[in-house]
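First comes the structure, then the notes that go with it.
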Amino acid sequence: MFRNQYDTDVTTWSPQGRLFQVEYAMEAVKQGSAAIGLRSNTHVVLACVNKANSELSSHQRKIFKVDDHIGVAIAGLTADGRVLSRYMRSECINYGYTYEAPLPVGRLVVQLADKAQVCTQRSWKRPYGVGLLVAGLDESGAHLYYNCPSGNYFEYQAFAIGSRSQAAKTYLERKFEKFTESSRDELVKDALFAIRETLQGEKLTSSVCTVAVIGVGEAFDILDQETVQALINEFEISGEDATVNESAAEQAGGDAGGAAPDQGGAAAEAAAPMDI
């Protein structure tokens with residue numbers, strides 16, 4: 001993307017009906033490290049890639065607990081993700097204090113989308129440069145939502161955001177029909193396989209990914225590194241080039257048209273100018 005006379009503030013429309021600063025915020029999500037979510041009738045699993053700015057630093061947290069029944073995974077500007085997750089915690093606390101019941105997931109997602117939309121309508125504000133995968137469980141069942149910087153939100157059976165997320169989406173599209181009846185362990189296994197697809201041949205270990213689970217009778221929990229590594233070893237998800245190439249070859253043989261290229265992948269190869 002290149003600057004032009006219609007991107008000086010977020011309230012200026014281009015003749016083509018576009019808001020460029022909103023599109024720039026959505027581009028920041030594409031450049032962030034990948035985050036993945038998938039759900040069954042009883043469980044939701046979130047997973048993300050841990051990216052450190054250097055070998056001397058630790059990675060930024062990408063998965064946050066909002067309440068016992070809600071958690072989020074982010075891709076994009078981490079600072080914006082922290083602010084929004086803190087807002088979500090506050091809304092859950094206030095609702096619980098007032099009604100003595102957990103906040104319905106759908107209502108929280110709408111409030112979050114409304115907060116993001118306001119930033120697209122005020123010239124003295126900027127859009128939040130972060131996308132959120134919201135996992136939750138309420139009386140109506142398990143839910144997985146994606147909140148976009150534009151203020152839009154969508155409910156998914158499975159979804160991936162961030163850099164090189166197209167590879168994970170391709171994997172999820174091949175498998176999503178069985179997710180509804182999947183068990184907790186099967187969902188975690190598929191999440192790890194999807195994360196592996198975004199690594200482009202890099203070996204999958206517990207140090208490069210984070211996994212969180214929520215389900216019926218199970219509060220939102222971020223799994224520790226030892227547990228994740230044990231699951232990787234148990235499922236034999238090595239992440240070596242040979243297995244990745246085999247799965248890619250199988251897909252190429254089954255899909256004549258091939259998968260669409262990841263529009264954000266090329267931009268993610270170079271380091272982004274901010275911590276995402």
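Quick note on naming: the chains in the structure tokens go A, B, ... in the order shown, residues restart at 1 in each chain, and ligands are numbered from 1 in order of appearance.
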
Can you tell me, as a PDB file with all heavy atoms, in the first residue's frame, what residues are no more than 8 Å from Ala158 in chain A when counting only C-alpha atoms, ignoring any on the same chain fewer than 6 positions away?
```pdb
ATOM      1  N   ILE A  36      -4.827 -18.928  15.692  1.00  0.00           N
ATOM      2  CA  ILE A  36      -5.773 -19.909  15.146  1.00  0.00           C
ATOM      3  C   ILE A  36      -6.811 -20.254  16.208  1.00  0.00           C
ATOM      4  O   ILE A  36      -6.492 -20.339  17.400  1.00  0.00           O
ATOM      5  CB  ILE A  36      -5.021 -21.186  14.702  1.00  0.00           C
ATOM      6  CG1 ILE A  36      -4.158 -20.885  13.481  1.00  0.00           C
ATOM      7  CG2 ILE A  36      -5.982 -22.327  14.388  1.00  0.00           C
ATOM      8  CD1 ILE A  36      -3.165 -21.966  13.170  1.00  0.00           C
ATOM      9  N   GLY A  37      -8.046 -20.434  15.770  1.00  0.00           N
ATOM     10  CA  GLY A  37      -9.103 -20.886  16.657  1.00  0.00           C
ATOM     11  C   GLY A  37      -9.968 -21.925  15.970  1.00  0.00           C
ATOM     12  O   GLY A  37     -10.185 -21.850  14.758  1.00  0.00           O
ATOM     13  N   LEU A  38     -10.448 -22.907  16.727  1.00  0.00           N
ATOM     14  CA  LEU A  38     -11.387 -23.894  16.201  1.00  0.00           C
ATOM     15  C   LEU A  38     -12.261 -24.395  17.339  1.00  0.00           C
ATOM     16  O   LEU A  38     -11.832 -24.409  18.493  1.00  0.00           O
ATOM     17  CB  LEU A  38     -10.672 -25.054  15.509  1.00  0.00           C
ATOM     18  CG  LEU A  38      -9.571 -25.825  16.220  1.00  0.00           C
ATOM     19  CD1 LEU A  38      -9.337 -27.164  15.536  1.00  0.00           C
ATOM     20  CD2 LEU A  38      -8.251 -25.061  16.189  1.00  0.00           C
ATOM     21  N   ARG A  39     -13.487 -24.773  17.001  1.00  0.00           N
ATOM     22  CA  ARG A  39     -14.435 -25.148  18.047  1.00  0.00           C
ATOM     23  C   ARG A  39     -15.214 -26.397  17.670  1.00  0.00           C
ATOM     24  O   ARG A  39     -15.398 -26.722  16.492  1.00  0.00           O
ATOM     25  CB  ARG A  39     -15.409 -24.004  18.327  1.00  0.00           C
ATOM     26  CG  ARG A  39     -16.402 -23.735  17.206  1.00  0.00           C
ATOM     27  CD  ARG A  39     -17.378 -22.640  17.597  1.00  0.00           C
ATOM     28  NE  ARG A  39     -18.267 -22.278  16.489  1.00  0.00           N
ATOM     29  CZ  ARG A  39     -19.457 -22.829  16.282  1.00  0.00           C
ATOM     30  NH1 ARG A  39     -19.901 -23.771  17.097  1.00  0.00           N
ATOM     31  NH2 ARG A  39     -20.205 -22.437  15.262  1.00  0.00           N
ATOM     32  N   LEU A 144     -16.858 -19.205  18.649  1.00  0.00           N
ATOM     33  CA  LEU A 144     -15.594 -18.648  18.189  1.00  0.00           C
ATOM     34  C   LEU A 144     -15.913 -17.477  17.261  1.00  0.00           C
ATOM     35  O   LEU A 144     -16.552 -17.658  16.225  1.00  0.00           O
ATOM     36  CB  LEU A 144     -14.760 -19.696  17.443  1.00  0.00           C
ATOM     37  CG  LEU A 144     -13.463 -19.185  16.805  1.00  0.00           C
ATOM     38  CD1 LEU A 144     -12.457 -18.781  17.883  1.00  0.00           C
ATOM     39  CD2 LEU A 144     -12.857 -20.242  15.883  1.00  0.00           C
ATOM     40  N   LEU A 172      -7.528 -26.055   7.757  1.00  0.00           N
ATOM     41  CA  LEU A 172      -8.795 -26.053   8.484  1.00  0.00           C
ATOM     42  C   LEU A 172      -9.976 -26.295   7.556  1.00  0.00           C
ATOM     43  O   LEU A 172     -10.945 -26.958   7.933  1.00  0.00           O
ATOM     44  CB  LEU A 172      -8.964 -24.723   9.225  1.00  0.00           C
ATOM     45  CG  LEU A 172      -7.945 -24.434  10.336  1.00  0.00           C
ATOM     46  CD1 LEU A 172      -8.113 -23.014  10.859  1.00  0.00           C
ATOM     47  CD2 LEU A 172      -8.062 -25.443  11.470  1.00  0.00           C
ATOM     48  N   PHE A 176     -12.647 -29.034   8.662  1.00  0.00           N
ATOM     49  CA  PHE A 176     -13.609 -28.414   9.570  1.00  0.00           C
ATOM     50  C   PHE A 176     -14.896 -29.210   9.743  1.00  0.00           C
ATOM     51  O   PHE A 176     -15.574 -29.082  10.770  1.00  0.00           O
ATOM     52  CB  PHE A 176     -13.937 -26.996   9.099  1.00  0.00           C
ATOM     53  CG  PHE A 176     -14.948 -26.922   7.987  1.00  0.00           C
ATOM     54  CD1 PHE A 176     -16.288 -26.715   8.280  1.00  0.00           C
ATOM     55  CD2 PHE A 176     -14.569 -27.063   6.668  1.00  0.00           C
ATOM     56  CE1 PHE A 176     -17.232 -26.655   7.262  1.00  0.00           C
ATOM     57  CE2 PHE A 176     -15.499 -27.005   5.648  1.00  0.00           C
ATOM     58  CZ  PHE A 176     -16.838 -26.799   5.947  1.00  0.00           C
TER      59      PHE A 176
END
```

Set out as a Markdown table a contact list for range 115-234 of chain A and range 54-74 of chain A with a cut-off of 12 Å, giving each residue of range 115-234 of chain A that qualifies its closest atom pair and distance in Å to one decimal, counting only C-alpha atoms, ordered by chain and rising residue number.
```
| residue | atom | partner | partner_atom | distance |
| --- | --- | --- | --- | --- |
| A:Tyr128 | CA | A:Ile74 | CA | 11.7 |
| A:Gly129 | CA | A:Ile74 | CA | 10.2 |
| A:Val130 | CA | A:Ile74 | CA | 6.6 |
| A:Gly131 | CA | A:Ile74 | CA | 5.7 |
| A:Leu132 | CA | A:Ile74 | CA | 4.6 |
| A:Leu133 | CA | A:Ala73 | CA | 5.1 |
| A:Val134 | CA | A:Val72 | CA | 4.5 |
| A:Ala135 | CA | A:Gly71 | CA | 5.3 |
| A:Gly136 | CA | A:Ile70 | CA | 4.3 |
| A:Leu137 | CA | A:His69 | CA | 5.4 |
| A:Asp138 | CA | A:His69 | CA | 7.2 |
| A:Glu139 | CA | A:His69 | CA | 10.7 |
| A:Gly141 | CA | A:His69 | CA | 10.9 |
| A:Ala142 | CA | A:His69 | CA | 9.6 |
| A:His143 | CA | A:Ile70 | CA | 9.4 |
| A:Leu144 | CA | A:Val72 | CA | 9.5 |
| A:Tyr145 | CA | A:Val72 | CA | 9.4 |
| A:Tyr146 | CA | A:Val72 | CA | 9.6 |
| A:Asn147 | CA | A:Ile74 | CA | 9.7 |
| A:Cys148 | CA | A:Ile74 | CA | 10.6 |
| A:Pro149 | CA | A:Ile74 | CA | 11.5 |
| A:Phe159 | CA | A:Ala73 | CA | 11.4 |
| A:Ala160 | CA | A:Ala73 | CA | 10.2 |
| A:Ile161 | CA | A:Ile74 | CA | 8.4 |
| A:Gly162 | CA | A:Ile74 | CA | 8.6 |
| A:Ser163 | CA | A:Ile74 | CA | 11.9 |
| A:Ser207 | CA | A:His59 | CA | 9.5 |
| A:Val208 | CA | A:His59 | CA | 9.0 |
| A:Cys209 | CA | A:Lys62 | CA | 9.7 |
| A:Thr210 | CA | A:Ile63 | CA | 7.6 |
| A:Val211 | CA | A:Ile63 | CA | 8.2 |
| A:Ala212 | CA | A:Ile63 | CA | 7.6 |
| A:Val213 | CA | A:Gly71 | CA | 8.8 |
| A:Ile214 | CA | A:His69 | CA | 7.1 |
| A:Gly215 | CA | A:His69 | CA | 8.2 |
| A:Val216 | CA | A:His69 | CA | 9.4 |
| A:Gly217 | CA | A:His69 | CA | 9.9 |
| A:Glu218 | CA | A:His69 | CA | 8.5 |
| A:Ala219 | CA | A:Asp68 | CA | 4.9 |
| A:Phe220 | CA | A:Asp68 | CA | 5.3 |
| A:Asp221 | CA | A:Lys65 | CA | 7.6 |
| A:Ile222 | CA | A:Ile63 | CA | 7.8 |
| A:Leu223 | CA | A:Ile63 | CA | 10.7 |
```

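Pairwise distance (CA of Ala35 in chain A, CA of Glu197 in chain A) equals 11.8 Å.
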
Pick from A:Ser206, A:Thr120, A:Thr198, A:Ser165, whichever lies nearest to Lys30 in chain A using only C-alpha atoms: A:Ser165
